[in-house]
Amino acid sequence: MTAFTVALVLVVAAAGLLRWRRPAWYWLAFGVTLAALRVLVRYRSVMDACGLTVPPARWRLALARATNRPIPEPRPPRIRRLRPTRTGLVLRLKLRPGQDVFDIAAASDRLRHSFSMFGVTSREVRSGVVEVRMTGYDVLKRVQMPAEIETRAMRVPVALREDGSVHYRDYRAIPHALTLGATESGKSVYQRNLVAGLAPLDVALVGIDCKQGVELFPLARRFSALADSPDTAAELLDALVARMADVYRLIRTQQRITVDVPDAEIAADIWDLPDELRPIPVVLLVDEVAELALYATKEEEKRRDRIITALVRLAQLGRAAGIYLEICGQRFGSELGKGITMLRAQLTGRTAHRLNDETSANMAFGDIAPDAVLAAIQIPAELRGLAIAGDASGGWHRIRAPHTSLRQAVNLCNRYADRTPDLPELAPFRPTTGTATELVPSAKASPATA
């Protein structure tokens, strides 16, 4: 009995130590079993207390009265599957007649308390079926991306969501995006993860960094074109607009609209073209977009209008030509001048790190997800890298990118430098690489975001 007691105490102590220092290990070793048992034992009573049950069917009541049996209890949603994951549990529920997916979403916080989980989110899989994802610990405190990540053309993993799933940047689904964040909010690390995910792909990277190139020029060996001033940026954007027109002419000549060609084979964008004719897709990263919109003289105002007009054209027409925009900045508001709100309307994806004012949060989410505005301005300063990500569907998630130092990003870009395509239209803006690229500090001065 003494040996058993000592062993039990050691196991409890080990579990407590793991829960404190290594919550992921604790979850896989102890937490997942305890949580599954807790959910199964408490399920019916919790659903009843949360108002997620429906009265029994009339025929059941009639049968109970006719046979003099007890009245059937209210019925909760039926559990179709309970699947453990490395971060929590996934519960798939079949809703009863009269129930709605919004009922589950509204009760998420009560379910979190009742099942003693860290977080609960829900989404509709199909009509009548809801997936409830429960996390057993704070997965955003120390971000660890899964070992196996689904890969696809123009789809890169950039962060981890609060429900434990991977947040992808899918350019085929969401062509253009806006990323906002105050100084030391983690925006640069998010941008590095984006470049690191794009580096191994067959894609041309084009950058505009008006901070004299301190953010993007260390990654120059993987970029087909770079601009470090508004004047150069204006010329680079004009070259991209000209490339877009050339690509559209190519698509028009290769549309194959004939009587004997099935409708599915008619080309409407670059992805419908044969592989040997398809132009290389281009991702344009703009760092500190406000620097492109500010002006002090009449000449600078003309340059500013030229830049914003080119950006709006690329945002409106660039998708089919394989040109995708990543607009980043600390501040994004209507006071930046005409054309800014028109540009924002074309940026479907929205990501906001910690912001210094509510106006920028409203510019990011006010037109698509008003609930996300409050979440964006409540991000604490000590949680660098934490962000709110949303899109035009109205849904939003808390995400956090794994920390990637500048040296790590540079090494990755150097490794895949042979994948950098030479685009004739952008040849004048091809960065010259030399020893300066190798003199990048090993890490940014800010603390790690993960």
# chains A, B, ... in the order shown; residues from 1 in each chain; ligands from 1

$ closest_atom_pairs --of "range 36-100 of chain A" --to "range 111-127 of chain A" --cutoff "8 Å" --atoms "only C-alpha atoms" --output "tab-separated table"
residue	atom	partner	partner_atom	distance
A:Arg38	CA	A:Phe115	CA	6.6
A:Val39	CA	A:Phe115	CA	6.0
A:Arg42	CA	A:Phe115	CA	7.6
A:Val46	CA	A:Ser114	CA	6.6
A:Cys50	CA	A:Leu111	CA	7.6

$ write_last_selection --atoms "N, CA and C atoms" --output "PDB file, in the first residue's frame"
ATOM      1  N   ARG A  38     -15.095  13.460 -18.863  1.00  0.00           N
ATOM      2  CA  ARG A  38     -15.895  14.548 -18.306  1.00  0.00           C
ATOM      3  C   ARG A  38     -17.009  14.963 -19.266  1.00  0.00           C
ATOM      4  N   VAL A  39     -16.690  15.029 -20.550  1.00  0.00           N
ATOM      5  CA  VAL A  39     -17.704  15.422 -21.533  1.00  0.00           C
ATOM      6  C   VAL A  39     -18.796  14.372 -21.642  1.00  0.00           C
ATOM      7  N   ARG A  42     -20.978  14.303 -18.261  1.00  0.00           N
ATOM      8  CA  ARG A  42     -21.765  15.501 -18.001  1.00  0.00           C
ATOM      9  C   ARG A  42     -22.627  15.949 -19.184  1.00  0.00           C
ATOM     10  N   VAL A  46     -25.360  18.968 -18.875  1.00  0.00           N
ATOM     11  CA  VAL A  46     -24.855  20.270 -19.313  1.00  0.00           C
ATOM     12  C   VAL A  46     -25.720  20.830 -20.431  1.00  0.00           C
ATOM     13  N   CYS A  50     -27.819  24.319 -20.278  1.00  0.00           N
ATOM     14  CA  CYS A  50     -27.528  25.388 -21.232  1.00  0.00           C
ATOM     15  C   CYS A  50     -28.686  25.658 -22.188  1.00  0.00           C
TER      16      CYS A  50
END

$ residues_around --residues "Ala364 in chain A" --least-positions-apart "3" --cutoff "8 Å" --atoms "only C-alpha atoms" --output "PyMOL selection string"
chain A and resi 178+180+350-352+360-361+367+373

$ write_last_selection --atoms "N, CA and C atoms" --output "PDB file, in the first residue's frame"
ATOM      1  N   LEU A 178      -5.369  42.756 -46.001  1.00  0.00           N
ATOM      2  CA  LEU A 178      -4.878  43.918 -45.271  1.00  0.00           C
ATOM      3  C   LEU A 178      -4.406  43.458 -43.906  1.00  0.00           C
ATOM      4  N   LEU A 180      -2.774  44.935 -40.320  1.00  0.00           N
ATOM      5  CA  LEU A 180      -2.505  46.132 -39.529  1.00  0.00           C
ATOM      6  C   LEU A 180      -1.872  45.750 -38.206  1.00  0.00           C
ATOM      7  N   ARG A 350      -8.609  40.272 -43.717  1.00  0.00           N
ATOM      8  CA  ARG A 350      -8.235  41.317 -42.761  1.00  0.00           C
ATOM      9  C   ARG A 350      -7.559  40.670 -41.555  1.00  0.00           C
ATOM     10  N   THR A 351      -6.416  41.208 -41.175  1.00  0.00           N
ATOM     11  CA  THR A 351      -5.699  40.750 -39.987  1.00  0.00           C
ATOM     12  C   THR A 351      -5.258  41.973 -39.208  1.00  0.00           C
ATOM     13  N   ALA A 352      -5.589  42.012 -37.931  1.00  0.00           N
ATOM     14  CA  ALA A 352      -5.245  43.164 -37.093  1.00  0.00           C
ATOM     15  C   ALA A 352      -4.532  42.679 -35.841  1.00  0.00           C
ATOM     16  N   SER A 360      -8.581  52.549 -36.634  1.00  0.00           N
ATOM     17  CA  SER A 360      -7.936  51.545 -37.485  1.00  0.00           C
ATOM     18  C   SER A 360      -8.642  50.198 -37.374  1.00  0.00           C
ATOM     19  N   ALA A 361      -9.088  49.848 -36.163  1.00  0.00           N
ATOM     20  CA  ALA A 361      -9.831  48.596 -35.992  1.00  0.00           C
ATOM     21  C   ALA A 361     -11.141  48.639 -36.765  1.00  0.00           C
ATOM     22  N   ASP A 367     -16.683  46.946 -41.468  1.00  0.00           N
ATOM     23  CA  ASP A 367     -17.607  46.648 -42.565  1.00  0.00           C
ATOM     24  C   ASP A 367     -17.849  45.162 -42.755  1.00  0.00           C
ATOM     25  N   VAL A 373     -14.030  44.180 -33.888  1.00  0.00           N
ATOM     26  CA  VAL A 373     -13.420  45.476 -33.577  1.00  0.00           C
ATOM     27  C   VAL A 373     -13.038  45.526 -32.102  1.00  0.00           C
TER      28      VAL A 373
END

$ residues_around --residues "Pro281 in chain A" --least-positions-apart "3" --cutoff "8 Å" --atoms "only C-alpha atoms" --output "PyMOL selection string"
chain A and resi 202-204+321-324

$ write_last_selection --atoms "N, CA and C atoms" --output "PDB file, in the first residue's frame"
ATOM      1  N   ASP A 202       6.331  28.120 -56.362  1.00  0.00           N
ATOM      2  CA  ASP A 202       6.619  28.727 -57.664  1.00  0.00           C
ATOM      3  C   ASP A 202       5.823  30.017 -57.786  1.00  0.00           C
ATOM      4  N   VAL A 203       6.346  31.061 -57.189  1.00  0.00           N
ATOM      5  CA  VAL A 203       5.668  32.347 -57.156  1.00  0.00           C
ATOM      6  C   VAL A 203       6.723  33.441 -57.154  1.00  0.00           C
ATOM      7  N   ALA A 204       6.396  34.569 -57.771  1.00  0.00           N
ATOM      8  CA  ALA A 204       7.288  35.718 -57.769  1.00  0.00           C
ATOM      9  C   ALA A 204       6.902  36.650 -56.636  1.00  0.00           C
ATOM     10  N   ALA A 321      -5.339  37.777 -63.249  1.00  0.00           N
ATOM     11  CA  ALA A 321      -4.014  37.809 -63.849  1.00  0.00           C
ATOM     12  C   ALA A 321      -2.951  37.210 -62.943  1.00  0.00           C
ATOM     13  N   GLY A 322      -3.355  36.702 -61.780  1.00  0.00           N
ATOM     14  CA  GLY A 322      -2.397  36.067 -60.884  1.00  0.00           C
ATOM     15  C   GLY A 322      -1.557  37.045 -60.100  1.00  0.00           C
ATOM     16  N   ILE A 323      -2.085  38.238 -59.813  1.00  0.00           N
ATOM     17  CA  ILE A 323      -1.386  39.235 -59.008  1.00  0.00           C
ATOM     18  C   ILE A 323      -2.165  39.423 -57.709  1.00  0.00           C
ATOM     19  N   TYR A 324      -1.498  39.168 -56.589  1.00  0.00           N
ATOM     20  CA  TYR A 324      -2.157  39.189 -55.280  1.00  0.00           C
ATOM     21  C   TYR A 324      -1.472  40.221 -54.381  1.00  0.00           C
TER      22      TYR A 324
END

$ residues_around --residues "Arg354 in chain A" --least-positions-apart "5" --cutoff "8 Å" --atoms "only C-alpha atoms" --output "PyMOL selection string"
chain A and resi 181-182+185+376-381+384+386-387

$ write_last_selection --atoms "C-alpha atoms" --output "PDB file, in the first residue's frame"
ATOM      1  CA  GLY A 181      -0.492  46.404 -36.332  1.00  0.00           C
ATOM      2  CA  ALA A 182       1.137  48.990 -34.113  1.00  0.00           C
ATOM      3  CA  SER A 185       2.750  44.196 -32.136  1.00  0.00           C
ATOM      4  CA  ALA A 376      -8.812  43.834 -31.805  1.00  0.00           C
ATOM      5  CA  ILE A 377      -8.502  46.836 -29.477  1.00  0.00           C
ATOM      6  CA  GLN A 378      -8.430  44.588 -26.399  1.00  0.00           C
ATOM      7  CA  ILE A 379      -5.226  42.738 -27.361  1.00  0.00           C
ATOM      8  CA  PRO A 380      -2.762  43.326 -24.482  1.00  0.00           C
ATOM      9  CA  ALA A 381       0.638  44.812 -25.249  1.00  0.00           C
ATOM     10  CA  ARG A 384       3.020  40.268 -29.154  1.00  0.00           C
ATOM     11  CA  LEU A 386      -1.610  37.862 -31.139  1.00  0.00           C
ATOM     12  CA  ALA A 387      -3.974  39.022 -33.876  1.00  0.00           C
TER      13      ALA A 387
END

$ select_by_dssp --residues "range 24-100 of chain A" --states "strand (DSSP E)" --output "PyMOL selection string"
chain A and resi 78-84+88-94

$ write_last_selection --atoms "N, CA and C atoms" --output "mmCIF file, in the first residue's frame"
data_model
loop_
_atom_site.group_PDB
_atom_site.id
_atom_site.type_symbol
_atom_site.label_atom_id
_atom_site.label_comp_id
_atom_site.auth_asym_id
_atom_site.auth_seq_id
_atom_site.Cartn_x
_atom_site.Cartn_y
_atom_site.Cartn_z
ATOM 1 N N ARG A 78 -27.497 14.873 -30.698
ATOM 2 C CA ARG A 78 -26.882 13.556 -30.672
ATOM 3 C C ARG A 78 -25.399 13.652 -31.022
ATOM 4 N N ILE A 79 -24.561 12.967 -30.234
ATOM 5 C CA ILE A 79 -23.113 12.935 -30.497
ATOM 6 C C ILE A 79 -22.840 11.960 -31.630
ATOM 7 N N ARG A 80 -22.312 12.473 -32.700
ATOM 8 C CA ARG A 80 -21.943 11.612 -33.822
ATOM 9 C C ARG A 80 -20.511 11.106 -33.702
ATOM 10 N N ARG A 81 -19.635 11.983 -33.198
ATOM 11 C CA ARG A 81 -18.239 11.572 -33.092
ATOM 12 C C ARG A 81 -17.539 12.429 -32.058
ATOM 13 N N LEU A 82 -16.687 11.795 -31.267
ATOM 14 C CA LEU A 82 -15.829 12.493 -30.309
ATOM 15 C C LEU A 82 -14.397 12.138 -30.648
ATOM 16 N N ARG A 83 -13.645 13.120 -31.140
ATOM 17 C CA ARG A 83 -12.302 12.859 -31.637
ATOM 18 C C ARG A 83 -11.285 13.674 -30.845
ATOM 19 N N PRO A 84 -10.324 13.024 -30.201
ATOM 20 C CA PRO A 84 -9.261 13.773 -29.506
ATOM 21 C C PRO A 84 -8.229 14.282 -30.496
ATOM 22 N N GLY A 88 -6.970 19.430 -28.071
ATOM 23 C CA GLY A 88 -8.280 19.405 -27.413
ATOM 24 C C GLY A 88 -9.151 18.266 -27.899
ATOM 25 N N LEU A 89 -10.440 18.543 -27.985
ATOM 26 C CA LEU A 89 -11.418 17.563 -28.431
ATOM 27 C C LEU A 89 -12.256 18.177 -29.542
ATOM 28 N N VAL A 90 -12.676 17.340 -30.478
ATOM 29 C CA VAL A 90 -13.580 17.755 -31.546
ATOM 30 C C VAL A 90 -14.852 16.943 -31.404
ATOM 31 N N LEU A 91 -15.954 17.639 -31.162
ATOM 32 C CA LEU A 91 -17.245 17.003 -30.917
ATOM 33 C C LEU A 91 -18.158 17.335 -32.090
ATOM 34 N N ARG A 92 -18.595 16.323 -32.794
ATOM 35 C CA ARG A 92 -19.512 16.541 -33.912
ATOM 36 C C ARG A 92 -20.920 16.164 -33.471
ATOM 37 N N LEU A 93 -21.842 17.123 -33.585
ATOM 38 C CA LEU A 93 -23.196 16.970 -33.066
ATOM 39 C C LEU A 93 -24.206 17.008 -34.196
ATOM 40 N N LYS A 94 -25.248 16.194 -34.077
ATOM 41 C CA LYS A 94 -26.391 16.230 -34.975
ATOM 42 C C LYS A 94 -27.522 16.956 -34.257
#

$ atom_distance --atom1 "CA of Ile308 in chain A" --atom2 "CA of Ala225 in chain A"
18.8 Å

$ closest_residue --among "A:Leu198, A:Val129, A:Ile388, A:Ile307" --to "Ala234 in chain A" --atoms "only C-alpha atoms"
A:Ile307

$ closest_residue --among "A:Thr67, A:Gln346, A:Thr432, A:Ser224" --to "Leu240 in chain A" --atoms "only C-alpha atoms"
A:Ser224

$ atom_distance --atom1 "CA of Ala153 in chain A" --atom2 "CA of Asp170 in chain A"
8.6 Å

$ residues_around --residues "Pro77 in chain A" --least-positions-apart "4" --cutoff "10 Å" --atoms "only C-alpha atoms" --output "PDB file with all heavy atoms, in the first residue's frame"
ATOM      1  N   TYR A  43     -22.537  15.284 -20.314  1.00  0.00           N
ATOM      2  CA  TYR A  43     -23.097  15.819 -21.547  1.00  0.00           C
ATOM      3  C   TYR A  43     -24.582  16.148 -21.437  1.00  0.00           C
ATOM      4  O   TYR A  43     -25.009  17.277 -21.704  1.00  0.00           O
ATOM      5  CB  TYR A  43     -22.850  14.843 -22.699  1.00  0.00           C
ATOM      6  CG  TYR A  43     -23.428  15.306 -24.008  1.00  0.00           C
ATOM      7  CD1 TYR A  43     -22.815  16.328 -24.721  1.00  0.00           C
ATOM      8  CD2 TYR A  43     -24.593  14.737 -24.516  1.00  0.00           C
ATOM      9  CE1 TYR A  43     -23.348  16.776 -25.922  1.00  0.00           C
ATOM     10  CE2 TYR A  43     -25.130  15.180 -25.712  1.00  0.00           C
ATOM     11  CZ  TYR A  43     -24.506  16.193 -26.412  1.00  0.00           C
ATOM     12  OH  TYR A  43     -25.044  16.632 -27.584  1.00  0.00           O
ATOM     13  N   ARG A  44     -25.375  15.184 -21.028  1.00  0.00           N
ATOM     14  CA  ARG A  44     -26.825  15.400 -21.016  1.00  0.00           C
ATOM     15  C   ARG A  44     -27.226  16.507 -20.037  1.00  0.00           C
ATOM     16  O   ARG A  44     -28.027  17.391 -20.372  1.00  0.00           O
ATOM     17  CB  ARG A  44     -27.544  14.087 -20.662  1.00  0.00           C
ATOM     18  CG  ARG A  44     -29.069  14.195 -20.622  1.00  0.00           C
ATOM     19  CD  ARG A  44     -29.704  12.852 -20.351  1.00  0.00           C
ATOM     20  NE  ARG A  44     -29.551  11.965 -21.498  1.00  0.00           N
ATOM     21  CZ  ARG A  44     -30.406  11.934 -22.521  1.00  0.00           C
ATOM     22  NH1 ARG A  44     -31.454  12.748 -22.537  1.00  0.00           N
ATOM     23  NH2 ARG A  44     -30.217  11.094 -23.510  1.00  0.00           N
ATOM     24  N   MET A  47     -26.088  20.000 -21.395  1.00  0.00           N
ATOM     25  CA  MET A  47     -26.923  20.479 -22.483  1.00  0.00           C
ATOM     26  C   MET A  47     -28.288  20.942 -21.981  1.00  0.00           C
ATOM     27  O   MET A  47     -28.840  21.938 -22.463  1.00  0.00           O
ATOM     28  CB  MET A  47     -27.092  19.372 -23.536  1.00  0.00           C
ATOM     29  CG  MET A  47     -25.829  19.080 -24.314  1.00  0.00           C
ATOM     30  SD  MET A  47     -25.343  20.511 -25.307  1.00  0.00           S
ATOM     31  CE  MET A  47     -23.784  19.997 -25.953  1.00  0.00           C
ATOM     32  N   LEU A  52     -29.955  23.606 -24.442  1.00  0.00           N
ATOM     33  CA  LEU A  52     -29.699  23.024 -25.755  1.00  0.00           C
ATOM     34  C   LEU A  52     -30.399  21.687 -25.926  1.00  0.00           C
ATOM     35  O   LEU A  52     -29.897  20.781 -26.599  1.00  0.00           O
ATOM     36  CB  LEU A  52     -28.184  22.858 -25.953  1.00  0.00           C
ATOM     37  CG  LEU A  52     -27.372  24.156 -25.935  1.00  0.00           C
ATOM     38  CD1 LEU A  52     -25.890  23.864 -26.075  1.00  0.00           C
ATOM     39  CD2 LEU A  52     -27.827  25.106 -27.041  1.00  0.00           C
ATOM     40  N   THR A  53     -31.545  21.542 -25.324  1.00  0.00           N
ATOM     41  CA  THR A  53     -32.354  20.340 -25.479  1.00  0.00           C
ATOM     42  C   THR A  53     -33.710  20.724 -26.066  1.00  0.00           C
ATOM     43  O   THR A  53     -34.120  21.885 -26.019  1.00  0.00           O
ATOM     44  CB  THR A  53     -32.560  19.633 -24.139  1.00  0.00           C
ATOM     45  OG1 THR A  53     -33.179  20.548 -23.209  1.00  0.00           O
ATOM     46  CG2 THR A  53     -31.239  19.153 -23.560  1.00  0.00           C
ATOM     47  N   VAL A  54     -34.392  19.742 -26.621  1.00  0.00           N
ATOM     48  CA  VAL A  54     -35.729  19.958 -27.173  1.00  0.00           C
ATOM     49  C   VAL A  54     -36.688  18.980 -26.505  1.00  0.00           C
ATOM     50  O   VAL A  54     -36.278  17.889 -26.066  1.00  0.00           O
ATOM     51  CB  VAL A  54     -35.740  19.758 -28.703  1.00  0.00           C
ATOM     52  CG1 VAL A  54     -34.847  20.780 -29.388  1.00  0.00           C
ATOM     53  CG2 VAL A  54     -35.314  18.344 -29.071  1.00  0.00           C
ATOM     54  N   ARG A  92     -18.595  16.323 -32.794  1.00  0.00           N
ATOM     55  CA  ARG A  92     -19.512  16.541 -33.912  1.00  0.00           C
ATOM     56  C   ARG A  92     -20.920  16.164 -33.471  1.00  0.00           C
ATOM     57  O   ARG A  92     -21.172  15.028 -33.042  1.00  0.00           O
ATOM     58  CB  ARG A  92     -19.091  15.729 -35.131  1.00  0.00           C
ATOM     59  CG  ARG A  92     -19.951  15.974 -36.359  1.00  0.00           C
ATOM     60  CD  ARG A  92     -19.275  15.537 -37.635  1.00  0.00           C
ATOM     61  NE  ARG A  92     -18.137  16.399 -37.961  1.00  0.00           N
ATOM     62  CZ  ARG A  92     -17.499  16.363 -39.125  1.00  0.00           C
ATOM     63  NH1 ARG A  92     -17.891  15.520 -40.075  1.00  0.00           N
ATOM     64  NH2 ARG A  92     -16.472  17.149 -39.356  1.00  0.00           N
ATOM     65  N   LEU A  93     -21.842  17.123 -33.585  1.00  0.00           N
ATOM     66  CA  LEU A  93     -23.196  16.970 -33.066  1.00  0.00           C
ATOM     67  C   LEU A  93     -24.206  17.008 -34.196  1.00  0.00           C
ATOM     68  O   LEU A  93     -24.063  17.779 -35.156  1.00  0.00           O
ATOM     69  CB  LEU A  93     -23.528  18.080 -32.060  1.00  0.00           C
ATOM     70  CG  LEU A  93     -22.569  18.254 -30.875  1.00  0.00           C
ATOM     71  CD1 LEU A  93     -23.014  19.435 -30.022  1.00  0.00           C
ATOM     72  CD2 LEU A  93     -22.518  16.981 -30.043  1.00  0.00           C
ATOM     73  N   LYS A  94     -25.248  16.194 -34.077  1.00  0.00           N
ATOM     74  CA  LYS A  94     -26.391  16.230 -34.975  1.00  0.00           C
ATOM     75  C   LYS A  94     -27.522  16.956 -34.257  1.00  0.00           C
ATOM     76  O   LYS A  94     -28.019  16.499 -33.211  1.00  0.00           O
ATOM     77  CB  LYS A  94     -26.811  14.803 -35.342  1.00  0.00           C
ATOM     78  CG  LYS A  94     -28.111  14.722 -36.132  1.00  0.00           C
ATOM     79  CD  LYS A  94     -27.983  15.383 -37.503  1.00  0.00           C
ATOM     80  CE  LYS A  94     -29.270  15.213 -38.295  1.00  0.00           C
ATOM     81  NZ  LYS A  94     -29.205  15.944 -39.588  1.00  0.00           N
ATOM     82  N   LEU A  95     -27.912  18.095 -34.782  1.00  0.00           N
ATOM     83  CA  LEU A  95     -28.925  18.906 -34.126  1.00  0.00           C
ATOM     84  C   LEU A  95     -30.301  18.251 -34.228  1.00  0.00           C
ATOM     85  O   LEU A  95     -30.618  17.558 -35.201  1.00  0.00           O
ATOM     86  CB  LEU A  95     -28.975  20.300 -34.759  1.00  0.00           C
ATOM     87  CG  LEU A  95     -27.692  21.138 -34.666  1.00  0.00           C
ATOM     88  CD1 LEU A  95     -27.913  22.504 -35.310  1.00  0.00           C
ATOM     89  CD2 LEU A  95     -27.253  21.297 -33.226  1.00  0.00           C
ATOM     90  N   ARG A  96     -31.111  18.498 -33.207  1.00  0.00           N
ATOM     91  CA  ARG A  96     -32.491  18.026 -33.202  1.00  0.00           C
ATOM     92  C   ARG A  96     -33.372  18.998 -33.990  1.00  0.00           C
ATOM     93  O   ARG A  96     -33.005  20.160 -34.186  1.00  0.00           O
ATOM     94  CB  ARG A  96     -33.000  17.923 -31.765  1.00  0.00           C
ATOM     95  CG  ARG A  96     -32.207  16.984 -30.878  1.00  0.00           C
ATOM     96  CD  ARG A  96     -32.413  15.537 -31.252  1.00  0.00           C
ATOM     97  NE  ARG A  96     -31.710  14.638 -30.322  1.00  0.00           N
ATOM     98  CZ  ARG A  96     -31.764  13.311 -30.397  1.00  0.00           C
ATOM     99  NH1 ARG A  96     -32.457  12.728 -31.364  1.00  0.00           N
ATOM    100  NH2 ARG A  96     -31.093  12.574 -29.530  1.00  0.00           N
ATOM    101  N   PRO A  97     -34.528  18.541 -34.446  1.00  0.00           N
ATOM    102  CA  PRO A  97     -35.440  19.456 -35.156  1.00  0.00           C
ATOM    103  C   PRO A  97     -35.787  20.666 -34.279  1.00  0.00           C
ATOM    104  O   PRO A  97     -36.125  20.524 -33.106  1.00  0.00           O
ATOM    105  CB  PRO A  97     -36.673  18.586 -35.426  1.00  0.00           C
ATOM    106  CG  PRO A  97     -36.147  17.187 -35.462  1.00  0.00           C
ATOM    107  CD  PRO A  97     -35.033  17.157 -34.450  1.00  0.00           C
ATOM    108  N   GLN A  99     -33.575  23.078 -33.551  1.00  0.00           N
ATOM    109  CA  GLN A  99     -32.349  23.684 -33.050  1.00  0.00           C
ATOM    110  C   GLN A  99     -31.594  24.380 -34.175  1.00  0.00           C
ATOM    111  O   GLN A  99     -31.781  24.062 -35.360  1.00  0.00           O
ATOM    112  CB  GLN A  99     -31.460  22.631 -32.389  1.00  0.00           C
ATOM    113  CG  GLN A  99     -32.005  22.089 -31.088  1.00  0.00           C
ATOM    114  CD  GLN A  99     -31.051  21.124 -30.421  1.00  0.00           C
ATOM    115  OE1 GLN A  99     -30.376  20.340 -31.083  1.00  0.00           O
ATOM    116  NE2 GLN A  99     -30.991  21.175 -29.096  1.00  0.00           N
ATOM    117  N   ILE A 104     -25.801  26.828 -30.418  1.00  0.00           N
ATOM    118  CA  ILE A 104     -24.540  26.270 -29.929  1.00  0.00           C
ATOM    119  C   ILE A 104     -23.500  27.372 -29.766  1.00  0.00           C
ATOM    120  O   ILE A 104     -22.768  27.419 -28.764  1.00  0.00           O
ATOM    121  CB  ILE A 104     -24.020  25.184 -30.882  1.00  0.00           C
ATOM    122  CG1 ILE A 104     -25.099  24.100 -31.109  1.00  0.00           C
ATOM    123  CG2 ILE A 104     -22.748  24.561 -30.337  1.00  0.00           C
ATOM    124  CD1 ILE A 104     -25.427  23.289 -29.905  1.00  0.00           C
ATOM    125  N   GLY A 128     -27.679  20.913 -40.227  1.00  0.00           N
ATOM    126  CA  GLY A 128     -28.033  20.030 -39.139  1.00  0.00           C
ATOM    127  C   GLY A 128     -26.870  19.393 -38.420  1.00  0.00           C
ATOM    128  O   GLY A 128     -27.080  18.669 -37.445  1.00  0.00           O
ATOM    129  N   VAL A 129     -25.638  19.644 -38.850  1.00  0.00           N
ATOM    130  CA  VAL A 129     -24.453  19.050 -38.230  1.00  0.00           C
ATOM    131  C   VAL A 129     -23.516  20.181 -37.818  1.00  0.00           C
ATOM    132  O   VAL A 129     -23.151  21.029 -38.640  1.00  0.00           O
ATOM    133  CB  VAL A 129     -23.740  18.074 -39.177  1.00  0.00           C
ATOM    134  CG1 VAL A 129     -22.497  17.495 -38.500  1.00  0.00           C
ATOM    135  CG2 VAL A 129     -24.682  16.952 -39.592  1.00  0.00           C
ATOM    136  N   VAL A 130     -23.119  20.181 -36.548  1.00  0.00           N
ATOM    137  CA  VAL A 130     -22.258  21.221 -35.991  1.00  0.00           C
ATOM    138  C   VAL A 130     -21.014  20.565 -35.417  1.00  0.00           C
ATOM    139  O   VAL A 130     -21.098  19.520 -34.757  1.00  0.00           O
ATOM    140  CB  VAL A 130     -22.987  22.029 -34.899  1.00  0.00           C
ATOM    141  CG1 VAL A 130     -22.050  23.061 -34.270  1.00  0.00           C
ATOM    142  CG2 VAL A 130     -24.203  22.715 -35.473  1.00  0.00           C
TER     143      VAL A 130
END

$ residues_around --residues "Leu317 in chain A" --least-positions-apart "2" --cutoff "12 Å" --atoms "only C-alpha atoms" --output "PyMOL selection string"
chain A and resi 175-176+240-245+247-248+269+310-315+319-325+343+346

$ closest_residue --among "A:Tyr137, A:Phe102, A:Tyr295, A:Phe429" --to "Val32 in chain A" --atoms "only C-alpha atoms"
A:Tyr137

$ select_by_dssp --residues "range 52-258 of chain A" --states "helix (DSSP H, G or I)" --output "ChimeraX atom specification"
/A:58-66,101-106,108-114,187-198,217-222,230-253

$ closest_residue --among "A:Ala147, A:Ala199, A:Ala66, A:Ala107" --to "Ala49 in chain A" --atoms "only C-alpha atoms"
A:Ala107

$ residues_around --residues "range 207-217 of chain A" --least-positions-apart "5" --cutoff "8 Å" --atoms "only C-alpha atoms" --output "PyMOL selection string"
chain A and resi 188+223+225-230+233+284-288+291-292+431+437
